[in-house]
file final_36.pdb (PDB, C-alpha atoms)
ATOM      1  CA  MET A1408     -81.709   4.368 -40.968  1.00  0.00           C
ATOM      2  CA  ARG A1409     -84.385   3.421 -38.449  1.00  0.00           C
ATOM      3  CA  ALA A1410     -83.186   1.408 -35.465  1.00  0.00           C
ATOM      4  CA  ALA A1411     -84.845  -1.961 -34.988  1.00  0.00           C
ATOM      5  CA  ALA A1412     -87.171  -2.133 -32.014  1.00  0.00           C
ATOM      6  CA  ILE A1413     -85.919  -4.282 -29.191  1.00  0.00           C
ATOM      7  CA  THR A1414     -88.599  -6.249 -27.430  1.00  0.00           C
ATOM      8  CA  THR A1415     -88.240  -7.636 -23.944  1.00  0.00           C
ATOM      9  CA  PRO A1416     -89.842 -11.055 -23.479  1.00  0.00           C
ATOM     10  CA  ARG A1417     -92.542 -11.272 -20.842  1.00  0.00           C
ATOM     11  CA  LEU A1418     -91.431 -13.381 -17.915  1.00  0.00           C
ATOM     12  CA  ASP A1419     -94.848 -14.959 -17.580  1.00  0.00           C
ATOM     13  CA  LYS A1420     -94.593 -16.255 -21.170  1.00  0.00           C
ATOM     14  CA  MET A1421     -91.147 -17.838 -20.913  1.00  0.00           C
ATOM     15  CA  PRO A1422     -91.211 -21.637 -21.250  1.00  0.00           C
ATOM     16  CA  GLY A1423     -90.683 -23.645 -18.112  1.00  0.00           C
ATOM     17  CA  MET A1424     -91.546 -20.741 -15.802  1.00  0.00           C
ATOM     18  CA  PHE A1425     -94.799 -20.210 -13.938  1.00  0.00           C
ATOM     19  CA  PHE A1426     -95.981 -16.849 -12.703  1.00  0.00           C
ATOM     20  CA  PRO A1427     -99.509 -16.764 -11.264  1.00  0.00           C
ATOM     21  CA  ALA A1428    -101.764 -13.888 -12.198  1.00  0.00           C
ATOM     22  CA  ASN A1429    -102.424 -13.240  -8.554  1.00  0.00           C
ATOM     23  CA  PRO A1430     -99.458 -14.055  -6.259  1.00  0.00           C
ATOM     24  CA  LYS A1431    -101.750 -13.923  -3.233  1.00  0.00           C
ATOM     25  CA  SER A1432    -103.448 -17.057  -4.482  1.00  0.00           C
ATOM     26  CA  LEU A1433    -100.454 -19.070  -3.327  1.00  0.00           C
ATOM     27  CA  LYS A1434    -101.196 -18.031   0.231  1.00  0.00           C
ATOM     28  CA  GLU A1435    -104.934 -18.424  -0.003  1.00  0.00           C
ATOM     29  CA  THR A1436    -105.034 -22.040  -1.103  1.00  0.00           C
ATOM     30  CA  GLY A1437    -105.267 -24.649   1.642  1.00  0.00           C
ATOM     31  CA  HIS A1438    -102.737 -26.887  -0.094  1.00  0.00           C
ATOM     32  CA  SER A1439    -100.474 -24.390  -1.817  1.00  0.00           C
ATOM     33  CA  LEU A1440     -97.711 -24.815  -4.324  1.00  0.00           C
ATOM     34  CA  LEU A1441     -95.351 -23.326  -1.795  1.00  0.00           C
ATOM     35  CA  GLU A1442     -96.132 -26.113   0.630  1.00  0.00           C
ATOM     36  CA  ASP A1443     -95.939 -28.854  -1.996  1.00  0.00           C
ATOM     37  CA  LYS A1444     -92.971 -27.737  -4.089  1.00  0.00           C
ATOM     38  CA  THR A1445     -90.891 -24.966  -2.591  1.00  0.00           C
ATOM     39  CA  GLN A1446     -90.510 -26.547   0.842  1.00  0.00           C
ATOM     40  CA  LYS A1447     -88.460 -29.428  -0.519  1.00  0.00           C
ATOM     41  CA  ARG A1448     -85.437 -27.592   0.807  1.00  0.00           C
ATOM     42  CA  ARG A1449     -85.115 -25.509   3.946  1.00  0.00           C
ATOM     43  CA  PRO A1450     -85.988 -21.843   3.386  1.00  0.00           C
ATOM     44  CA  LYS A1451     -82.877 -19.645   3.471  1.00  0.00           C
ATOM     45  CA  THR A1452     -84.870 -16.719   4.880  1.00  0.00           C
ATOM     46  CA  PHE A1453     -86.280 -18.724   7.783  1.00  0.00           C
ATOM     47  CA  GLY A1454     -84.072 -17.033  10.363  1.00  0.00           C
ATOM     48  CA  MET A1455     -85.004 -13.564   9.141  1.00  0.00           C
ATOM     49  CA  ASP A1456     -88.703 -14.419   8.992  1.00  0.00           C
ATOM     50  CA  MET A1457     -88.660 -15.837  12.491  1.00  0.00           C
ATOM     51  CA  ARG A1458     -86.935 -12.823  13.972  1.00  0.00           C
ATOM     52  CA  ALA A1459     -89.411 -10.512  12.231  1.00  0.00           C
ATOM     53  CA  TYR A1460     -92.244 -12.630  13.651  1.00  0.00           C
ATOM     54  CA  LEU A1461     -90.806 -12.398  17.154  1.00  0.00           C
ATOM     55  CA  ARG A1462     -90.379  -8.652  16.896  1.00  0.00           C
ATOM     56  CA  SER A1463     -94.027  -8.332  15.958  1.00  0.00           C
ATOM     57  CA  MET A1464     -94.923 -10.223  19.141  1.00  0.00           C
ATOM     58  CA  ILE A1465     -92.343  -8.498  21.311  1.00  0.00           C
ATOM     59  CA  PRO A1466     -92.405  -4.810  20.353  1.00  0.00           C
ATOM     60  CA  HIS A1467     -89.700  -3.746  22.813  1.00  0.00           C
ATOM     61  CA  LEU A1468     -87.088  -5.726  20.887  1.00  0.00           C
ATOM     62  CA  GLU A1469     -87.474  -3.289  18.016  1.00  0.00           C
ATOM     63  CA  SER A1470     -87.953  -0.091  19.964  1.00  0.00           C
ATOM     64  CA  GLY A1471     -85.564  -0.725  22.832  1.00  0.00           C
ATOM     65  CA  MET A1472     -88.329   0.088  25.306  1.00  0.00           C
ATOM     66  CA  LYS A1473     -88.777  -2.012  28.411  1.00  0.00           C
ATOM     67  CA  SER A1474     -92.133  -2.706  29.986  1.00  0.00           C
ATOM     68  CA  SER A1475     -92.706  -4.243  33.397  1.00  0.00           C
ATOM     69  CA  LYS A1476     -96.482  -4.103  33.071  1.00  0.00           C
ATOM     70  CA  SER A1477     -97.058  -6.482  30.185  1.00  0.00           C
ATOM     71  CA  LYS A1478     -97.203 -10.162  31.081  1.00  0.00           C
ATOM     72  CA  ASP A1479     -96.751 -11.059  27.418  1.00  0.00           C
ATOM     73  CA  ILE A1480     -93.235  -9.643  27.138  1.00  0.00           C
ATOM     74  CA  LEU A1481     -90.603 -12.314  26.738  1.00  0.00           C
ATOM     75  CA  SER A1482     -87.482 -11.982  28.872  1.00  0.00           C
ATOM     76  CA  ALA A1483     -83.983 -13.327  28.401  1.00  0.00           C
ATOM     77  CA  ASP A1484     -84.386 -15.318  31.622  1.00  0.00           C
ATOM     78  CA  GLU A1485     -87.410 -17.115  30.178  1.00  0.00           C
ATOM     79  CA  VAL A1486     -85.546 -17.988  26.992  1.00  0.00           C
ATOM     80  CA  ILE A1487     -82.598 -19.261  29.052  1.00  0.00           C
ATOM     81  CA  GLN A1488     -85.035 -21.503  30.929  1.00  0.00           C
ATOM     82  CA  TRP A1489     -86.060 -23.066  27.620  1.00  0.00           C
ATOM     83  CA  SER A1490     -82.608 -24.631  27.512  1.00  0.00           C
ATOM     84  CA  GLN A1491     -83.198 -26.413  30.837  1.00  0.00           C
ATOM     85  CA  SER A1492     -85.777 -28.838  29.479  1.00  0.00           C
ATOM     86  CA  LEU A1493     -88.233 -29.392  26.661  1.00  0.00           C
ATOM     87  CA  GLU A1494     -90.980 -29.286  29.275  1.00  0.00           C
ATOM     88  CA  LYS A1495     -90.130 -25.676  30.169  1.00  0.00           C
ATOM     89  CA  LEU A1496     -89.940 -24.726  26.507  1.00  0.00           C
ATOM     90  CA  LEU A1497     -93.388 -26.150  25.757  1.00  0.00           C
ATOM     91  CA  ALA A1498     -94.861 -24.590  28.890  1.00  0.00           C
ATOM     92  CA  ASN A1499     -94.309 -21.165  27.311  1.00  0.00           C
ATOM     93  CA  GLN A1500     -96.701 -20.052  24.554  1.00  0.00           C
ATOM     94  CA  ILE A1501     -94.047 -18.144  22.621  1.00  0.00           C
ATOM     95  CA  GLY A1502     -91.708 -21.083  23.200  1.00  0.00           C
ATOM     96  CA  GLN A1503     -94.230 -23.349  21.516  1.00  0.00           C
ATOM     97  CA  ASP A1504     -94.451 -20.990  18.542  1.00  0.00           C
ATOM     98  CA  VAL A1505     -90.682 -20.612  18.144  1.00  0.00           C
ATOM     99  CA  PHE A1506     -90.028 -24.344  18.492  1.00  0.00           C
ATOM    100  CA  GLY A1507     -92.923 -25.085  16.145  1.00  0.00           C
ATOM    101  CA  ASN A1508     -91.443 -22.835  13.476  1.00  0.00           C
ATOM    102  CA  PHE A1509     -88.068 -24.504  13.949  1.00  0.00           C
ATOM    103  CA  LEU A1510     -89.672 -27.923  13.450  1.00  0.00           C
ATOM    104  CA  LYS A1511     -91.388 -26.575  10.354  1.00  0.00           C
ATOM    105  CA  SER A1512     -87.977 -25.661   8.945  1.00  0.00           C
ATOM    106  CA  GLU A1513     -87.006 -29.308   9.443  1.00  0.00           C
ATOM    107  CA  PHE A1514     -90.298 -30.545   7.998  1.00  0.00           C
ATOM    108  CA  SER A1515     -91.333 -32.258  11.236  1.00  0.00           C
ATOM    109  CA  GLU A1516     -93.951 -29.833  12.548  1.00  0.00           C
ATOM    110  CA  GLU A1517     -96.445 -32.693  12.815  1.00  0.00           C
ATOM    111  CA  ASN A1518     -94.730 -33.712  16.056  1.00  0.00           C
ATOM    112  CA  ILE A1519     -95.523 -30.575  18.023  1.00  0.00           C
ATOM    113  CA  GLU A1520     -98.925 -30.249  16.340  1.00  0.00           C
ATOM    114  CA  PHE A1521     -99.820 -33.753  17.500  1.00  0.00           C
ATOM    115  CA  TRP A1522     -98.446 -33.118  20.985  1.00  0.00           C
ATOM    116  CA  LEU A1523    -100.479 -29.906  21.329  1.00  0.00           C
ATOM    117  CA  ALA A1524    -103.589 -31.634  19.956  1.00  0.00           C
ATOM    118  CA  CYS A1525    -103.206 -34.286  22.658  1.00  0.00           C
ATOM    119  CA  GLU A1526    -102.853 -31.646  25.358  1.00  0.00           C
ATOM    120  CA  ASP A1527    -106.057 -30.024  24.146  1.00  0.00           C
ATOM    121  CA  TYR A1528    -107.780 -33.409  23.870  1.00  0.00           C
ATOM    122  CA  LYS A1529    -107.171 -34.140  27.565  1.00  0.00           C
ATOM    123  CA  LYS A1530    -109.247 -31.075  28.457  1.00  0.00           C
ATOM    124  CA  THR A1531    -112.164 -32.099  26.245  1.00  0.00           C
ATOM    125  CA  GLU A1532    -115.597 -32.732  27.729  1.00  0.00           C
ATOM    126  CA  SER A1533    -116.584 -36.397  27.780  1.00  0.00           C
ATOM    127  CA  ASP A1534    -119.421 -36.052  25.267  1.00  0.00           C
ATOM    128  CA  LEU A1535    -116.999 -34.575  22.713  1.00  0.00           C
ATOM    129  CA  LEU A1536    -114.171 -37.058  23.186  1.00  0.00           C
ATOM    130  CA  TYR A1537    -115.189 -39.454  20.431  1.00  0.00           C
ATOM    131  CA  CYS A1538    -115.445 -36.796  17.732  1.00  0.00           C
ATOM    132  CA  LYS A1539    -112.150 -35.149  18.656  1.00  0.00           C
ATOM    133  CA  ALA A1540    -110.366 -38.500  19.022  1.00  0.00           C
ATOM    134  CA  GLN A1541    -111.397 -39.465  15.499  1.00  0.00           C
ATOM    135  CA  LYS A1542    -110.104 -36.182  14.096  1.00  0.00           C
ATOM    136  CA  ILE A1543    -106.728 -36.506  15.826  1.00  0.00           C
ATOM    137  CA  TYR A1544    -106.382 -40.129  14.772  1.00  0.00           C
ATOM    138  CA  LYS A1545    -107.170 -39.401  11.127  1.00  0.00           C
ATOM    139  CA  ALA A1546    -104.891 -36.364  11.050  1.00  0.00           C
ATOM    140  CA  PHE A1547    -101.820 -37.832  12.745  1.00  0.00           C
ATOM    141  CA  VAL A1548    -102.017 -41.542  13.614  1.00  0.00           C
ATOM    142  CA  HIS A1549    -103.723 -43.343  10.747  1.00  0.00           C
ATOM    143  CA  SER A1550    -101.355 -45.014   8.291  1.00  0.00           C
ATOM    144  CA  ASP A1551    -102.665 -42.720   5.545  1.00  0.00           C
ATOM    145  CA  ALA A1552    -102.680 -39.555   7.666  1.00  0.00           C
ATOM    146  CA  ALA A1553    -101.537 -36.393   5.900  1.00  0.00           C
ATOM    147  CA  LYS A1554     -99.366 -35.511   8.902  1.00  0.00           C
ATOM    148  CA  GLN A1555     -98.511 -39.002  10.026  1.00  0.00           C
ATOM    149  CA  ILE A1556     -96.344 -39.139  13.152  1.00  0.00           C
ATOM    150  CA  ASN A1557     -93.435 -41.522  13.485  1.00  0.00           C
ATOM    151  CA  ILE A1558     -94.602 -44.221  15.916  1.00  0.00           C
ATOM    152  CA  ASP A1559     -94.263 -47.997  15.868  1.00  0.00           C
ATOM    153  CA  PHE A1560     -96.931 -50.326  14.491  1.00  0.00           C
ATOM    154  CA  ARG A1561     -97.929 -51.668  17.918  1.00  0.00           C
ATOM    155  CA  THR A1562     -98.609 -48.180  19.303  1.00  0.00           C
ATOM    156  CA  ARG A1563    -100.529 -47.222  16.170  1.00  0.00           C
ATOM    157  CA  GLU A1564    -102.759 -50.301  16.483  1.00  0.00           C
ATOM    158  CA  SER A1565    -103.172 -49.847  20.219  1.00  0.00           C
ATOM    159  CA  THR A1566    -104.266 -46.232  19.749  1.00  0.00           C
ATOM    160  CA  ALA A1567    -106.763 -47.276  17.066  1.00  0.00           C
ATOM    161  CA  LYS A1568    -108.407 -49.643  19.561  1.00  0.00           C
ATOM    162  CA  LYS A1569    -108.455 -47.108  22.387  1.00  0.00           C
ATOM    163  CA  ILE A1570    -110.314 -44.438  20.428  1.00  0.00           C
ATOM    164  CA  LYS A1571    -113.208 -46.794  19.779  1.00  0.00           C
ATOM    165  CA  THR A1572    -114.220 -46.094  23.388  1.00  0.00           C
ATOM    166  CA  PRO A1573    -112.155 -42.964  24.008  1.00  0.00           C
ATOM    167  CA  THR A1574    -110.987 -41.641  27.348  1.00  0.00           C
ATOM    168  CA  PRO A1575    -108.818 -38.585  28.114  1.00  0.00           C
ATOM    169  CA  THR A1576    -105.756 -40.874  28.111  1.00  0.00           C
ATOM    170  CA  SER A1577    -106.370 -42.572  24.746  1.00  0.00           C
ATOM    171  CA  PHE A1578    -103.393 -40.857  23.088  1.00  0.00           C
ATOM    172  CA  ASP A1579    -101.023 -40.871  26.071  1.00  0.00           C
ATOM    173  CA  GLU A1580     -98.821 -43.692  24.795  1.00  0.00           C
ATOM    174  CA  ALA A1581     -98.362 -42.142  21.357  1.00  0.00           C
ATOM    175  CA  GLN A1582     -97.896 -38.683  22.835  1.00  0.00           C
ATOM    176  CA  LYS A1583     -95.095 -39.882  25.119  1.00  0.00           C
ATOM    177  CA  LEU A1584     -93.278 -41.434  22.169  1.00  0.00           C
ATOM    178  CA  ILE A1585     -93.465 -38.197  20.184  1.00  0.00           C
ATOM    179  CA  TYR A1586     -92.367 -36.138  23.186  1.00  0.00           C
ATOM    180  CA  THR A1587     -89.334 -38.398  23.626  1.00  0.00           C
ATOM    181  CA  LEU A1588     -88.561 -38.127  19.919  1.00  0.00           C
ATOM    182  CA  MET A1589     -88.603 -34.321  20.082  1.00  0.00           C
ATOM    183  CA  GLU A1590     -86.629 -34.304  23.327  1.00  0.00           C
ATOM    184  CA  LYS A1591     -83.812 -36.491  22.023  1.00  0.00           C
ATOM    185  CA  ASP A1592     -83.759 -35.392  18.399  1.00  0.00           C
ATOM    186  CA  SER A1593     -85.140 -31.942  17.537  1.00  0.00           C
ATOM    187  CA  TYR A1594     -84.775 -30.172  20.888  1.00  0.00           C
ATOM    188  CA  PRO A1595     -80.938 -30.392  21.095  1.00  0.00           C
ATOM    189  CA  ARG A1596     -80.660 -29.048  17.533  1.00  0.00           C
ATOM    190  CA  PHE A1597     -83.087 -26.251  18.371  1.00  0.00           C
ATOM    191  CA  LEU A1598     -80.850 -25.061  21.225  1.00  0.00           C
ATOM    192  CA  LYS A1599     -77.919 -24.863  18.787  1.00  0.00           C
ATOM    193  CA  SER A1600     -79.933 -23.185  16.046  1.00  0.00           C
ATOM    194  CA  THR A1601     -79.494 -19.577  14.948  1.00  0.00           C
ATOM    195  CA  ILE A1602     -83.145 -19.025  15.798  1.00  0.00           C
ATOM    196  CA  TYR A1603     -82.650 -19.713  19.492  1.00  0.00           C
ATOM    197  CA  ILE A1604     -79.180 -18.147  19.726  1.00  0.00           C
ATOM    198  CA  ASN A1605     -80.213 -14.942  17.918  1.00  0.00           C
ATOM    199  CA  LEU A1606     -83.384 -14.566  19.963  1.00  0.00           C
ATOM    200  CA  LEU A1607     -81.480 -14.905  23.223  1.00  0.00           C
ATOM    201  CA  SER A1608     -78.780 -12.490  22.033  1.00  0.00           C
ATOM    202  CA  ASP A1609     -81.383  -9.901  21.042  1.00  0.00           C
ATOM    203  CA  LEU A1610     -83.099 -10.114  24.412  1.00  0.00           C
ATOM    204  CA  GLN A1611     -79.843  -9.935  26.360  1.00  0.00           C
ATOM    205  CA  ALA A1612     -78.682  -6.954  24.308  1.00  0.00           C
ATOM    206  CA  ASN A1613     -82.016  -5.241  24.922  1.00  0.00           C
ATOM    207  CA  ASN A1614     -81.563  -5.654  28.674  1.00  0.00           C
ATOM    208  CA  LEU A1615     -78.378  -3.607  28.470  1.00  0.00           C
ATOM    209  CA  LYS A1616     -80.142  -0.609  26.907  1.00  0.00           C
TER     210      LYS A1616
END
call {"tool": "encode", "arguments": {"input": "final_36.pdb", "output": "structure tokens"}}
result
Amino acid sequence: MRAAAITTPRLDKMPGMFFPANPKSLKETGHSLLEDKTQKRRPKTFGMDMRAYLRSMIPHLESGMKSSKSKDILSADEVIQWSQSLEKLLANQIGQDVFGNFLKSEFSEENIEFWLACEDYKKTESDLLYCKAQKIYKAFVHSDAAKQINIDFRTRESTAKKIKTPTPTSFDEAQKLIYTLMEKDSYPRFLKSTIYINLLSDLQANNLK
């Protein structure tokens, strides 16, 4: 008697499930499904991804090698200084990246992106101020902005008026509000996060090798 053939259903044909022909397309689109759908809850692998990212930037964490020549190597002392103030954290390039990724895990990355955009704006040449001010306003301040920051109506209206004849200080009021928001809200949680604690532990352990 001939045994009946057993067929395994194709996953990409199962109802209610979507499997793209090319998984890379999710990364290549400017407004991906991962950003729109998957990020509705905090990624469980965030801590692992962040540590892998840091190791790629700080090779001696992985190898155990110490280097006194490279100015880009992050030390435990520097990371400890991040806990002294938000100002010291944001003064460090890697600190900005780590904090930015933490904010992304909380879906509030627009705060640091706006703050950094304002810092860059202040260094802009006068003949380029208007164009850059419009871009920042539309991206973060406008009531319909894709990455709208959390500021009060008065500040939003005041900023809208200032950028009509922009100066290097046009966004100062809004920037201070966002800085204070990060300082009182996100920054304390960041210092208690596994991202910060694990990074500091790794660096301190490396110093003992």
call {"tool": "closest_residue", "arguments": {"input": "final_36.pdb", "among": "A:Leu1584, A:Ile1604, A:Met1589, A:Ile1487", "to": "Arg1563 (chain A)", "atoms": "all atoms listed in the file"}}
result
A:Leu1584
call {"tool": "atom_distance", "arguments": {"input": "final_36.pdb", "atom1": "CA of Lys1571 (chain A)", "atom2": "CA of Thr1587 (chain A)"}}
result
25.6 Å
call {"tool": "closest_residue", "arguments": {"input": "final_36.pdb", "among": "A:Glu1485, A:Trp1522, A:Ile1602, A:Ala1540", "to": "Ala1581 (chain A)", "atoms": "only C-alpha atoms"}}
result
A:Trp1522
call {"tool": "resolve_selection", "arguments": {"input": "final_36.pdb", "expression": "the PyMOL selection byres ((chain A and resi 1496) around 12)", "output": "mmCIF file with C-alpha atoms, in the coordinates of the input"}}
result
data_model
loop_
_atom_site.group_PDB
_atom_site.id
_atom_site.type_symbol
_atom_site.label_atom_id
_atom_site.label_comp_id
_atom_site.auth_asym_id
_atom_site.auth_seq_id
_atom_site.Cartn_x
_atom_site.Cartn_y
_atom_site.Cartn_z
ATOM 1 C CA GLU A 1485 -87.410 -17.115 30.178
ATOM 2 C CA VAL A 1486 -85.546 -17.988 26.992
ATOM 3 C CA ILE A 1487 -82.598 -19.261 29.052
ATOM 4 C CA GLN A 1488 -85.035 -21.503 30.929
ATOM 5 C CA TRP A 1489 -86.060 -23.066 27.620
ATOM 6 C CA SER A 1490 -82.608 -24.631 27.512
ATOM 7 C CA GLN A 1491 -83.198 -26.413 30.837
ATOM 8 C CA SER A 1492 -85.777 -28.838 29.479
ATOM 9 C CA LEU A 1493 -88.233 -29.392 26.661
ATOM 10 C CA GLU A 1494 -90.980 -29.286 29.275
ATOM 11 C CA LYS A 1495 -90.130 -25.676 30.169
ATOM 12 C CA LEU A 1497 -93.388 -26.150 25.757
ATOM 13 C CA ALA A 1498 -94.861 -24.590 28.890
ATOM 14 C CA ASN A 1499 -94.309 -21.165 27.311
ATOM 15 C CA GLN A 1500 -96.701 -20.052 24.554
ATOM 16 C CA ILE A 1501 -94.047 -18.144 22.621
ATOM 17 C CA GLY A 1502 -91.708 -21.083 23.200
ATOM 18 C CA GLN A 1503 -94.230 -23.349 21.516
ATOM 19 C CA ASP A 1504 -94.451 -20.990 18.542
ATOM 20 C CA VAL A 1505 -90.682 -20.612 18.144
ATOM 21 C CA PHE A 1506 -90.028 -24.344 18.492
ATOM 22 C CA GLY A 1507 -92.923 -25.085 16.145
ATOM 23 C CA ILE A 1519 -95.523 -30.575 18.023
ATOM 24 C CA MET A 1589 -88.603 -34.321 20.082
ATOM 25 C CA GLU A 1590 -86.629 -34.304 23.327
ATOM 26 C CA TYR A 1594 -84.775 -30.172 20.888
ATOM 27 C CA PRO A 1595 -80.938 -30.392 21.095
ATOM 28 C CA PHE A 1597 -83.087 -26.251 18.371
ATOM 29 C CA LEU A 1598 -80.850 -25.061 21.225
ATOM 30 C CA TYR A 1603 -82.650 -19.713 19.492
#
call {"tool": "resolve_selection", "arguments": {"input": "final_36.pdb", "expression": "the PyMOL selection byres ((chain A and resi 1529) around 10)", "output": "ChimeraX atom specification"}}
result
/A:1524-1528,1530-1533,1536,1574-1579
call {"tool": "resolve_selection", "arguments": {"input": "final_36.pdb", "expression": "the PyMOL selection byres ((chain A and resi 1554-1556) around 12)", "output": "VMD selection string"}}
result
chain A and resid 1514 to 1522 1542 to 1553 1557 to 1560 1562 to 1563 1581 to 1582 1584 to 1586 1588 to 1589
call {"tool": "atom_distance", "arguments": {"input": "final_36.pdb", "atom1": "CA of Ala1483 (chain A)", "atom2": "CA of Asn1605 (chain A)"}}
result
11.3 Å
call {"tool": "atom_distance", "arguments": {"input": "final_36.pdb", "atom1": "CA of Ser1600 (chain A)", "atom2": "CA of Glu1580 (chain A)"}}
result
29.2 Å
call {"tool": "axis_aligned_box", "arguments": {"input": "final_36.pdb", "around": "region 1540-1549 of chain A", "padding_each_side": "6 Å", "output": "lines of an AutoDock Vina configuration file"}}
result
center_x = -106.6
center_y = -39.8
center_z = 14.9
size_x = 21.6
size_y = 19.2
size_z = 20.3
call {"tool": "closest_residue", "arguments": {"input": "final_36.pdb", "among": "A:Arg1596, A:Ile1570, A:Ile1480, A:Lys1583", "to": "Gln1541 (chain A)", "atoms": "all atoms listed in the file"}}
result
A:Ile1570
call {"tool": "closest_residue", "arguments": {"input": "final_36.pdb", "among": "A:Leu1481, A:Thr1566, A:Ser1593, A:Asp1534", "to": "Ser1512 (chain A)", "atoms": "only C-alpha atoms"}}
result
A:Ser1593
